[in-house]
Amino acid sequence: MDYRPRDIEKKWKTYWEDQDVYKVSNQSDKPKYYVLDMFPYPSGSGLHVGHPLGYIASDIFARYKRLRGFNVLHPMGYDAFGLPAEQYAIQMGVHPAKSTAENIARYRSQLDNLGFSFDWSREVNTSKPSYYKWTQWIFLQLFQHWYDQEQAKARSIEALIAHFDAHGTEGLKAACSEELSFDSAAWSAMDAKAKDDVLMNYRLAYKKQTFVNWCEALGTVLANDEVKDGLSERGGHPVERRPMLQWSLRITAYAERLLSDLDTLEWSDAMKKMQANWIGKSIGAQMFFDLEGSDEKLEIFTTRPDTIFGATFMVVAPEHDLVAELTTAEQKGDIDKYLDYVNTRSERERMSDVKTVTGAFTGAYAINPFNKERVPIWISEYVLKDYGTGAIMAVPADDERDRRFAEKFGLPIIDIIDKSAHPGATIEDKVGTMINSDFLNGMEVLDAIQATLDAIEQRKIGKKQINYKLRDAIYSRQRYWGEPFPVIYDAAGVSYPLKEEDLPLELPELDDFKPASGGKSPLARKTEWVNRPDGFFHETDTMPGFAGSSWYYLRYMDATNAETFAGQEAINYWRDVDLYVGGTEHAVGHLMYARVWHKFLYDLGHLPTIEPFQKLINQGMIQGVIEYLYLSKEKKDGQSQFVCAKLAEERGIEDFARMPVYVAYVADYGTDNSHLNAEGIRQFTEWRPEFEGAAFECVEGTYQNGVFQPKGEQTEGRLHTKSEVGKMSKRYFNVINPDDVVERYGSDCFRLYEMFLGPIEQAKPWDTKGIDGVSRFLRKFWALFFDGQGDFHCSDEEPTKAEFKILHKTIKKVTEDIERFSFNTCVSAFMVATNELSKLKSSKKQIMNPMLRLIAPFAPHMSEELWHQLGHETSIHLTEYPALNEEYLKEDAFTYPIAINGKTRLTMEFPADAAKETIEKEAVALEGIQKWLEGKTVRKVIVVPKRMINIVVG
RNA sequence: GCGGGUGUGGUGAAAUUGGUAGACACGCUAGACUUAGGAUCUAGUGCCGCAAGGUGUGGGGGUUCGAGUCCCUCCACCCGCACCA
């Protein structure tokens with residue numbers, strides 16, 4: 001019988017489905033294990049060979065754990081709300097629900113092609129009302145809770161109101177937008193709107209006027225992690241800072257727990273660092289500076305209070321609330337001019353240009369609380385509104401940026417730290433002895449910091465404070481394709497939560513998805529929906545992409561529950577995700593939000609664990625080869641001219657050589673036109689070396705939405721390329737569809753090959769060449785079961801010791817390697833075993849039966865087929881993992897490498913239990929060794945049992 | 001600039017605690033078979049050398065009987081963050 005992977009695979013796929021082999025129950029005596037993949041956003045271009053890498057690894061692990069006796073939850077679903085579907089809707093007029101459903105169908109068929117053991121009965125789709133009902137429900141919980149810093153947990157708004165009724169803000173320690181102070185009488189005197197505003201100051205989901213990342217091209221605001229280098233992560237459009245009334249999540253309330261609980265997780269150090277950096281904890285002091293001629297105080301934050309005597313000026317952010325008040329009449333011109341300049345600067349410019357020193361003097365002075373010196377107050381964009389208090393004391397002697405600023409504007413610099421004892425120390429290192437610093441003189445920096453902190457608290461001019469870089473997450477999107485907010489407003493603008501029984505608040509139908517005017521969501525145009533019959537108004541913003549993905553792993557535990565987001569029993573059984581597999585691109589976004597939601601639900605008593613994802617594995621990206629094409633045209637003067645340079649400019653690509661290949665219009669290529677499509681466009685989905693330097697005729701043009709539009713006249717030129725390893729993407733024409741590979745080699749081969757490519761966490765370019773080796777291996781393995789006539793011939797004969805040894809060596813190696821997620825070496829181990837068994841012409845049931853169970857997680861179809869050929873009636877995937885018997889691994893002898901001065905010269909076999917002395921004596925006496933010892937003295941002989949022998953001579 | 005990572009044959013890579021560097025594959029070379037295949041099998045394949053031998057894990061230095069592995073230093077590339085007070 002020949003190995004025909006596609007026939008086998010279809011047969012067993014149907015069998016598994018019919019038998020519900022991968023269905024998992026929430027009740028079991030077995031220990032639980034939860035293996036989760038980051039669910040995909042079903043994009044229009046389908047899966048490419050890079051996507052399944054993590055899914056294959058997690059599937060192998062899930063199957064392995066199942067065989068080892070665990071009740072394994074291994075689900076899959078779709079993150080189905082999002083921008084691309086909506087962009088597509090705007091362009092093509094297709095409803096996002098329709099295109100999303102089509103994309104999901106395509107993803108499903110691609111996933112089904114790869115032999116995954118997902119329990120599809122638990123599939124989630126974040127855009128379905130039955131799912132987003134609970135996204136809205138969790139949002140309402142966030143809306144109706146606040147964070148009590150004293151108890152370090154979320155508490156109900158009712159408790160907060162009770163506190164206000166009794167004590168006002170007295171004794172309240174709460175996470176809030178700004179510190180408020182009122183007594184109970186003032187609270188009860190407030191009208192509904194005022195009370196609503198106060199509560200918004202504390203709610204974990206709150207609405208507030210804030211500076212947000214506005215993306216004009218997308219017509220919506222974006223969260224910080226959705227902005228990269230001042231451009232939107234999706235689409236790469238410019239983003240600007242703009243004040244807008246927006247929903248936010250008070251994730252900063254959880255900053256400390258997010259940071260400290262990282263210690264409980266098995267994540268890579270890199271991943272923990274990324275999270276820690278994003279949280280950005282720093283310990284320092286809050287300090288108040290009196291303002292000359294004003295009752296106001298200027299609040300600053302510093303991590304270096306010890307440098308207070310070197311503070312020769314203050315800098316506040318241009319957007320700081322006090323700027324207008326601080327500015328004196330004669331400085332108003334300068335300040336206004338500077339503010340105009342700041343306003344013209346895009347976020348992008350601001351970020352890319354951090355070297356230029358700019359600023360303006362307000363004319364106002366602050367008073368140094370320690371030495372009562374007058375300190376001028378400046379504004380500059382290097383001080384950020386969002387961090388700390390948006391104001392600093394500048395110490396040019398001890399801070400690089402302050403120094404540059406002082407030098408540019410001629411401000412005084414007072415040396416305060418003597419670093420002469422620390423030659424290599426940089427300006428920012430916390431070492432040295434204090435000078436010119438009054439009571440701090442002579443102290444070491446670290447002591448001085450503590451002494452200053454004490455003095456600050458003693459003099460009541462500030463206090464020790466902890467600051468975080470983490471910002472609250474902007475939670476509003478001015479889009480259609482997202483979860484509607486379950487919040488309504490009355491005519492006065494007071495907000496009310498929808499009742500739980502009114503959930504889900506379904507997304508209304510719309511036929512035009514373009515944003516409404518004035519930065520409003522498309523929903524705002526549907527006035528009959530916005531204006532409710534009861535006189536209230538709907539919120540028209542929708543929730544961001546990360547809403548649905550922040551808790552989907554909980555829904556899988558009990559995916560069809562209509563009463564609650566997941567039943568308590570199911571949650572208490574599954575608890576948390578044991579293994580989470582996904583890309584690093586979610587290091588700060590998704591993983592941070594999911595952790596906050598988890599901790600919040602834990603606070604409310606819905607979850608038994610403090611963290612959602614115990615172990616995290618980041619699969620590396622599978623890259624493609626990008627062939628960039630450029631055209632050169634011979635000019636009369638002999639110099640070549642790059643025709644594409646102009647095109648590149650139009651397309652906003654700075655480096656012409658980085659242009660994707662498809663822009664070329666090749667009218668003729670020698671006599672062979674087979675590489676041209678119907679329009680005569682060469683889409684270089686593969687590159688042939690002979691194209692390099694080939695002459696051709698071309699016209700310039702653009703390529704949009706699959707249509708080439710020629711511009712300009714035909715010219716002659718030459719073709720040049722440059723290749724580079726990079727992202728696999730539709731726009732580079734380097735996408736390889738797993739379906740094509742599977743069709744040719746089978747999905748077992750595809751799975752094995754993706755694992756064989758290298759370590760799971762490493763990025764690597766896809767190269768189909770090596771797959772033949774894996775394919776050969778599978779056929780060789782298959783052939784072990786059949787004789788020369790193609791008849792099944794696995795015998796009942798008792799295996800030899802050598803055969804048992806091959807089996808158990810492989811069991812040991814594969815088991816250890818799976819446990820450390822080293823799947824590439826597992827595949828090697830299978831190859832080695834197969835090569836050895838082939839050589840022995842071994843085909844015995846006692847060997848092949850366990851061997852099949854060992855390889856089953858990797859090659860589920862083939863192993864199932866052979867398992868049934870061996871006479872079994874039930875699925876191999878429901879059996880037990882083969883047991884290791886170390887007895888077979890015991891060696892009678894060991895082949896020692898014998899080295900002289902560390903260089904291996906020859907090898908010699910000794911009995912495993914040979915005494916050190918015997919080995920030493922015999923090794924030195926060997927003829928092959930003696931010739932190396934001539935004329936030299938043996939100084940020492942090192943014998944490490946079962947390792948090596950080293951003879952030291954001199 | 002800061003933080004993290006990686007550097008090993010022509011290629012993907014392996015070497016789990018310091019102990020025979022290059023397992024396993026791809027590719028290449030030679031050969032066998034042939035119902036001529038995208039098939040299979042055999043042998044070889046780090047580099048230099050006919051060989052003996054030498055040499056070799058980004059460069060330089062160190063610790064050690066012994067270093068791809070540990071320490072110092074420099075270089076290159078990749079990823080993340082970036083005026084964070």
# chains A, B, ... in the order shown; residues from 1 in each chain; ligands from 1
call {"tool": "residues_around", "arguments": {"residues": "A14 in chain B", "least_positions_apart": "5", "cutoff": "10 Å", "atoms": "only C-alpha atoms (C1' of nucleotides)", "output": "MDAnalysis selection string"}}
result
(chainID A and resid 758 824:825 828) or (chainID B and resid 8 21:24)
call {"tool": "write_last_selection", "arguments": {"atoms": "all heavy atoms", "output": "tab-separated table (two decimals), in the first residue's frame"}}
result
chain	number	residue	atom	x	y	z
A	758	GLY	N	12.96	24.95	12.49
A	758	GLY	CA	13.85	25.52	13.50
A	758	GLY	C	13.10	25.73	14.80
A	758	GLY	O	11.94	25.36	14.92
A	824	ASN	N	11.49	20.92	16.73
A	824	ASN	CA	12.36	20.61	15.59
A	824	ASN	C	13.23	19.40	15.89
A	824	ASN	O	13.44	18.55	15.02
A	824	ASN	CB	13.21	21.82	15.19
A	824	ASN	CG	14.01	22.40	16.33
A	824	ASN	OD1	13.60	22.31	17.49
A	824	ASN	ND2	15.16	22.97	16.03
A	825	THR	N	13.71	19.30	17.12
A	825	THR	CA	14.56	18.17	17.45
A	825	THR	C	13.75	16.88	17.64
A	825	THR	O	14.28	15.79	17.48
A	825	THR	CB	15.41	18.46	18.70
A	825	THR	OG1	14.54	18.90	19.74
A	825	THR	CG2	16.44	19.53	18.42
A	828	SER	N	13.69	15.42	14.24
A	828	SER	CA	14.98	14.75	13.99
A	828	SER	C	15.01	13.39	14.64
A	828	SER	O	15.49	12.42	14.05
A	828	SER	CB	16.15	15.51	14.60
A	828	SER	OG	16.25	16.75	14.12
B	8	U	P	25.94	32.20	12.36
B	8	U	OP1	26.59	32.53	11.08
B	8	U	OP2	24.52	31.86	12.42
B	8	U	O5'	26.77	31.04	13.05
B	8	U	C5'	28.19	31.13	13.13
B	8	U	C4'	28.76	29.79	13.41
B	8	U	O4'	28.07	29.20	14.55
B	8	U	C3'	28.57	28.77	12.31
B	8	U	O3'	29.59	28.91	11.34
B	8	U	C2'	28.69	27.46	13.07
B	8	U	O2'	30.05	27.17	13.35
B	8	U	C1'	28.01	27.80	14.40
B	8	U	N1	26.60	27.37	14.46
B	8	U	C2	26.35	26.02	14.72
B	8	U	O2	27.25	25.21	14.86
B	8	U	N3	25.03	25.68	14.79
B	8	U	C4	23.95	26.51	14.64
B	8	U	O4	22.82	26.05	14.75
B	8	U	C5	24.28	27.89	14.38
B	8	U	C6	25.57	28.25	14.30
B	21	A	P	35.65	17.70	19.58
B	21	A	OP1	36.65	17.68	18.49
B	21	A	OP2	36.00	18.16	20.94
B	21	A	O5'	34.40	18.56	19.11
B	21	A	C5'	33.82	18.28	17.87
B	21	A	C4'	32.39	18.72	17.90
B	21	A	O4'	32.34	20.14	18.16
B	21	A	C3'	31.67	18.54	16.58
B	21	A	O3'	31.08	17.25	16.56
B	21	A	C2'	30.63	19.64	16.62
B	21	A	O2'	29.51	19.27	17.41
B	21	A	C1'	31.38	20.76	17.35
B	21	A	N9	32.08	21.71	16.48
B	21	A	C8	33.44	21.90	16.37
B	21	A	N7	33.76	22.85	15.55
B	21	A	C5	32.56	23.32	15.08
B	21	A	C6	32.23	24.34	14.17
B	21	A	N6	33.12	25.10	13.57
B	21	A	N1	30.91	24.55	13.93
B	21	A	C2	30.01	23.77	14.54
B	21	A	N3	30.20	22.78	15.41
B	21	A	C4	31.50	22.63	15.64
B	22	G	P	30.88	16.49	15.21
B	22	G	OP1	30.31	15.18	15.56
B	22	G	OP2	32.13	16.56	14.40
B	22	G	O5'	29.79	17.35	14.47
B	22	G	C5'	28.47	17.49	15.01
B	22	G	C4'	27.72	18.45	14.14
B	22	G	O4'	28.40	19.70	14.13
B	22	G	C3'	27.65	18.03	12.68
B	22	G	O3'	26.48	17.24	12.54
B	22	G	C2'	27.57	19.34	11.93
B	22	G	O2'	26.25	19.72	11.67
B	22	G	C1'	28.20	20.35	12.90
B	22	G	N9	29.46	20.89	12.44
B	22	G	C8	30.70	20.33	12.53
B	22	G	N7	31.64	21.10	12.03
B	22	G	C5	30.96	22.22	11.59
B	22	G	C6	31.44	23.40	10.96
B	22	G	O6	32.59	23.68	10.67
B	22	G	N1	30.41	24.28	10.69
B	22	G	C2	29.10	24.06	10.97
B	22	G	N2	28.24	25.02	10.63
B	22	G	N3	28.63	22.99	11.57
B	22	G	C4	29.62	22.11	11.84
B	23	A	P	26.27	16.35	11.25
B	23	A	OP1	27.59	15.80	10.90
B	23	A	OP2	25.48	17.07	10.23
B	23	A	O5'	25.33	15.21	11.84
B	23	A	C5'	25.79	14.38	12.89
B	23	A	C4'	24.68	14.12	13.88
B	23	A	O4'	24.46	15.31	14.69
B	23	A	C3'	23.32	13.83	13.26
B	23	A	O3'	23.20	12.49	12.88
B	23	A	C2'	22.38	14.19	14.41
B	23	A	O2'	22.34	13.17	15.38
B	23	A	C1'	23.08	15.42	14.99
B	23	A	N9	22.58	16.66	14.39
B	23	A	C8	23.26	17.57	13.63
B	23	A	N7	22.53	18.59	13.23
B	23	A	C5	21.29	18.33	13.76
B	23	A	C6	20.07	19.03	13.70
B	23	A	N6	19.91	20.17	13.04
B	23	A	N1	19.02	18.50	14.35
B	23	A	C2	19.17	17.36	15.00
B	23	A	N3	20.27	16.60	15.14
B	23	A	C4	21.30	17.15	14.49
B	24	C	P	22.77	12.10	11.43
B	24	C	OP1	22.57	10.63	11.40
B	24	C	OP2	23.68	12.74	10.46
B	24	C	O5'	21.36	12.80	11.30
B	24	C	C5'	20.24	12.37	12.07
B	24	C	C4'	19.07	13.29	11.82
B	24	C	O4'	19.34	14.59	12.39
B	24	C	C3'	18.83	13.59	10.35
B	24	C	O3'	18.08	12.55	9.77
B	24	C	C2'	18.08	14.91	10.41
B	24	C	O2'	16.73	14.73	10.79
B	24	C	C1'	18.81	15.61	11.56
B	24	C	N1	19.93	16.45	11.09
B	24	C	C2	19.64	17.78	10.67
B	24	C	O2	18.47	18.17	10.71
B	24	C	N3	20.66	18.57	10.25
B	24	C	C4	21.91	18.11	10.23
B	24	C	N4	22.86	18.92	9.80
B	24	C	C5	22.21	16.77	10.64
B	24	C	C6	21.21	15.98	11.06
call {"tool": "residues_around", "arguments": {"residues": "range 173-183 of chain A", "least_positions_apart": "6", "cutoff": "10 Å", "atoms": "only C-alpha atoms (C1' of nucleotides)", "output": "short mmCIF file (atom, residue, chain, number, x, y, z; two decimals) with N, CA and C atoms, in the first residue's frame"}}
result
data_model
loop_
_atom_site.label_atom_id
_atom_site.label_comp_id
_atom_site.auth_asym_id
_atom_site.auth_seq_id
_atom_site.Cartn_x
_atom_site.Cartn_y
_atom_site.Cartn_z
N TRP A 146 -15.27 51.07 40.94
CA TRP A 146 -14.14 51.99 41.10
C TRP A 146 -13.04 51.23 41.81
N TYR A 147 -11.86 51.80 41.87
CA TYR A 147 -10.74 51.08 42.46
C TYR A 147 -10.34 51.67 43.80
N ASP A 148 -10.48 50.87 44.83
CA ASP A 148 -10.12 51.28 46.18
C ASP A 148 -8.65 50.93 46.43
N GLN A 149 -7.81 51.95 46.54
CA GLN A 149 -6.38 51.69 46.68
C GLN A 149 -6.02 51.15 48.06
N GLU A 150 -6.89 51.45 49.02
CA GLU A 150 -6.66 50.94 50.38
C GLU A 150 -6.79 49.41 50.38
N GLN A 151 -7.88 48.93 49.80
CA GLN A 151 -8.10 47.49 49.76
C GLN A 151 -7.44 46.85 48.53
N ALA A 152 -6.88 47.68 47.67
CA ALA A 152 -6.25 47.21 46.43
C ALA A 152 -7.17 46.30 45.64
N LYS A 153 -8.40 46.75 45.47
CA LYS A 153 -9.33 45.98 44.63
C LYS A 153 -10.46 46.86 44.14
N ALA A 154 -11.16 46.36 43.13
CA ALA A 154 -12.30 47.08 42.59
C ALA A 154 -13.49 46.91 43.52
N LEU A 160 -19.07 53.50 46.82
CA LEU A 160 -18.46 54.84 46.70
C LEU A 160 -19.48 55.92 47.05
N PHE A 164 -19.42 58.77 49.91
CA PHE A 164 -19.65 60.20 49.68
C PHE A 164 -20.78 60.70 50.58
N ASP A 165 -21.86 59.91 50.68
CA ASP A 165 -23.00 60.30 51.52
C ASP A 165 -22.56 60.51 52.96
N ALA A 166 -21.66 59.65 53.42
CA ALA A 166 -21.26 59.71 54.82
C ALA A 166 -20.11 60.68 55.07
N HIS A 167 -19.10 60.63 54.20
CA HIS A 167 -17.86 61.39 54.51
C HIS A 167 -17.40 62.32 53.39
N VAL A 198 -18.79 63.62 38.93
CA VAL A 198 -17.91 63.18 40.02
C VAL A 198 -17.65 61.67 39.91
N LEU A 199 -18.72 60.92 39.70
CA LEU A 199 -18.56 59.46 39.63
C LEU A 199 -17.67 59.06 38.45
N MET A 200 -17.81 59.78 37.34
CA MET A 200 -16.96 59.50 36.17
C MET A 200 -15.48 59.62 36.53
N ASN A 201 -15.21 60.46 37.50
CA ASN A 201 -13.83 60.66 37.94
C ASN A 201 -13.26 59.40 38.59
N TYR A 202 -14.14 58.48 38.97
CA TYR A 202 -13.69 57.27 39.68
C TYR A 202 -13.99 55.96 38.97
N ARG A 203 -14.99 55.97 38.09
CA ARG A 203 -15.38 54.71 37.44
C ARG A 203 -14.20 54.07 36.71
N LEU A 204 -14.16 52.74 36.67
CA LEU A 204 -13.08 52.05 35.96
C LEU A 204 -13.26 52.15 34.45
N TYR A 206 -14.75 55.06 32.14
CA TYR A 206 -15.23 56.42 32.35
C TYR A 206 -15.12 57.24 31.08
N LYS A 208 -14.27 60.97 29.50
CA LYS A 208 -13.52 62.14 29.89
C LYS A 208 -12.97 62.86 28.67
N ARG A 250 -9.72 52.64 33.16
CA ARG A 250 -8.74 53.06 34.16
C ARG A 250 -7.78 51.92 34.47
N ILE A 251 -7.02 51.49 33.46
CA ILE A 251 -6.10 50.36 33.67
C ILE A 251 -4.94 50.76 34.59
N THR A 252 -4.72 52.07 34.72
CA THR A 252 -3.63 52.52 35.60
C THR A 252 -3.88 52.11 37.05
N ALA A 253 -5.14 51.89 37.39
CA ALA A 253 -5.46 51.47 38.76
C ALA A 253 -4.77 50.14 39.08
N TYR A 254 -4.55 49.35 38.02
CA TYR A 254 -3.98 48.02 38.22
C TYR A 254 -2.47 47.98 38.00
N ASP A 472 -4.12 55.36 30.94
CA ASP A 472 -5.42 54.73 30.78
C ASP A 472 -5.67 54.46 29.31
#
call {"tool": "interface_residues", "arguments": {"of": "chain B", "to": "chain A", "cutoff": "6 Å", "atoms": "only C-alpha atoms (C1' of nucleotides)", "output": "PyMOL selection string"}}
result
chain B and resi 4+19-20+24+26+66+83+85
call {"tool": "write_last_selection", "arguments": {"atoms": "N, CA, C and O atoms (P, O5', C5', C4', C3', O3' and C1' of nucleotides)", "output": "CSV table (one decimal), in the first residue's frame"}}
result
chain,number,residue,atom,x,y,z
B,4,G,P,19.0,44.2,29.4
B,4,G,O5',18.2,43.3,28.3
B,4,G,C5',17.1,42.5,28.6
B,4,G,C4',16.4,41.9,27.4
B,4,G,C3',17.3,41.0,26.6
B,4,G,O3',17.4,39.7,27.2
B,4,G,C1',16.2,42.4,25.1
B,19,G,P,29.4,20.3,28.2
B,19,G,O5',30.5,19.2,27.8
B,19,G,C5',31.5,19.6,26.8
B,19,G,C4',32.4,18.4,26.6
B,19,G,C3',31.7,17.1,26.5
B,19,G,O3',32.4,16.3,25.5
B,19,G,C1',33.3,17.1,28.2
B,20,U,P,31.8,16.3,24.0
B,20,U,O5',32.9,15.4,23.3
B,20,U,C5',34.3,15.8,23.3
B,20,U,C4',34.9,15.4,21.9
B,20,U,C3',34.1,16.0,20.7
B,20,U,O3',35.1,16.2,19.7
B,20,U,C1',34.1,13.6,20.6
B,24,C,P,22.8,12.1,11.4
B,24,C,O5',21.4,12.8,11.3
B,24,C,C5',20.2,12.4,12.1
B,24,C,C4',19.1,13.3,11.8
B,24,C,C3',18.8,13.6,10.4
B,24,C,O3',18.1,12.5,9.8
B,24,C,C1',18.8,15.6,11.6
B,26,C,P,17.1,15.5,2.6
B,26,C,O5',17.3,17.0,2.1
B,26,C,C5',16.1,17.8,2.0
B,26,C,C4',16.6,19.2,1.7
B,26,C,C3',17.5,19.4,0.5
B,26,C,O3',16.8,19.4,-0.7
B,26,C,C1',18.3,20.7,2.3
B,66,G,P,43.3,23.8,30.0
B,66,G,O5',42.0,23.2,29.3
B,66,G,C5',42.2,22.5,28.1
B,66,G,C4',40.9,21.8,27.6
B,66,G,C3',39.7,22.8,27.5
B,66,G,O3',39.8,23.4,26.2
B,66,G,C1',39.0,20.9,28.7
B,83,C,P,9.9,60.1,23.6
B,83,C,O5',10.7,60.9,24.7
B,83,C,C5',12.0,60.4,25.1
B,83,C,C4',12.8,61.5,25.7
B,83,C,C3',12.1,62.1,26.9
B,83,C,O3',13.0,62.2,28.0
B,83,C,C1',12.7,63.8,25.4
B,85,A,P,12.0,58.6,34.3
B,85,A,O5',12.6,60.0,34.7
B,85,A,C5',12.2,60.6,35.9
B,85,A,C4',12.6,62.0,35.7
B,85,A,C3',12.0,63.0,36.8
B,85,A,O3',12.7,62.9,38.0
B,85,A,C1',11.8,63.9,34.6
call {"tool": "select_by_dssp", "arguments": {"residues": "range 306-528 of chain A", "states": "strand (DSSP E or B)", "output": "JSON, numbers by chain"}}
result
{"A": [313, 314, 315, 316, 360, 361, 362, 363, 364, 365, 366, 367, 374, 375, 376, 377, 378, 379, 391, 392, 393, 394, 417, 418, 433, 434, 444, 462, 463, 464, 465, 466, 467, 468, 473, 474, 477, 484, 487, 488, 489, 495, 496, 497, 516, 520]}
call {"tool": "select_by_dssp", "arguments": {"residues": "range 732-919 of chain A", "states": "helix (DSSP H, G or I)", "output": "PyMOL selection string"}}
result
chain A and resi 732+738-745+747-756+768-783+801-819+823-839+845-855+860-869+876-878+886-889+916-919
call {"tool": "residues_around", "arguments": {"residues": "Lys526 in chain A", "least_positions_apart": "5", "cutoff": "12 Å", "atoms": "only C-alpha atoms (C1' of nucleotides)", "output": "PyMOL selection string"}}
result
chain A and resi 480+507-516+520-521+531-532+537-540
call {"tool": "write_last_selection", "arguments": {"atoms": "C-alpha atoms", "output": "PDB file, in the first residue's frame"}}
result
ATOM      1  CA  TYR A 480     -19.417  51.072  13.061  1.00  0.00           C
ATOM      2  CA  LEU A 507     -25.480  46.858  16.521  1.00  0.00           C
ATOM      3  CA  PRO A 508     -28.145  48.522  14.354  1.00  0.00           C
ATOM      4  CA  GLU A 509     -28.217  47.911  10.609  1.00  0.00           C
ATOM      5  CA  LEU A 510     -26.584  50.539   8.449  1.00  0.00           C
ATOM      6  CA  ASP A 511     -26.026  50.777   4.728  1.00  0.00           C
ATOM      7  CA  ASP A 512     -23.419  53.515   4.710  1.00  0.00           C
ATOM      8  CA  PHE A 513     -20.389  52.958   6.896  1.00  0.00           C
ATOM      9  CA  LYS A 514     -18.546  56.217   6.337  1.00  0.00           C
ATOM     10  CA  PRO A 515     -17.792  58.198   9.488  1.00  0.00           C
ATOM     11  CA  ALA A 516     -20.254  60.950  10.383  1.00  0.00           C
ATOM     12  CA  LYS A 520     -18.535  61.021  15.189  1.00  0.00           C
ATOM     13  CA  SER A 521     -19.214  57.383  14.636  1.00  0.00           C
ATOM     14  CA  ASN A 531     -32.967  58.874  19.923  1.00  0.00           C
ATOM     15  CA  ARG A 532     -34.684  56.259  22.006  1.00  0.00           C
ATOM     16  CA  PHE A 537     -29.981  58.789  23.796  1.00  0.00           C
ATOM     17  CA  HIS A 538     -27.625  56.010  22.812  1.00  0.00           C
ATOM     18  CA  GLU A 539     -23.907  56.352  22.937  1.00  0.00           C
ATOM     19  CA  THR A 540     -22.768  56.323  19.301  1.00  0.00           C
TER      20      THR A 540
END
call {"tool": "residues_around", "arguments": {"residues": "U42 in chain B", "least_positions_apart": "3", "cutoff": "12 Å", "atoms": "only C-alpha atoms (C1' of nucleotides)", "output": "list in words"}}
result
A30, G31, A32 and C33 of chain B
call {"tool": "write_last_selection", "arguments": {"atoms": "C-alpha atoms (C1' of nucleotides)", "output": "PDB file, in the first residue's frame"}}
result
ATOM      1  C1'   A B  30      30.217  10.214  -7.425  1.00  0.00           C
ATOM      2  C1'   G B  31      27.882   5.668  -8.322  1.00  0.00           C
ATOM      3  C1'   A B  32      23.696   1.891  -8.715  1.00  0.00           C
ATOM      4  C1'   C B  33      18.863   0.742 -10.528  1.00  0.00           C
TER       5        C B  33
END
call {"tool": "residues_around", "arguments": {"residues": "Ser43 in chain A", "least_positions_apart": "6", "cutoff": "8 Å", "atoms": "only C-alpha atoms (C1' of nucleotides)", "output": "PDB file with C-alpha atoms, in the first residue's frame"}}
result
ATOM      1  CA  PRO A  84     -10.287  46.128   7.859  1.00  0.00           C
ATOM      2  CA  ALA A  85     -13.809  44.721   7.435  1.00  0.00           C
ATOM      3  CA  THR A 100     -16.516  38.715   7.971  1.00  0.00           C
ATOM      4  CA  ASN A 103     -13.579  35.285   5.700  1.00  0.00           C
TER       5      ASN A 103
END
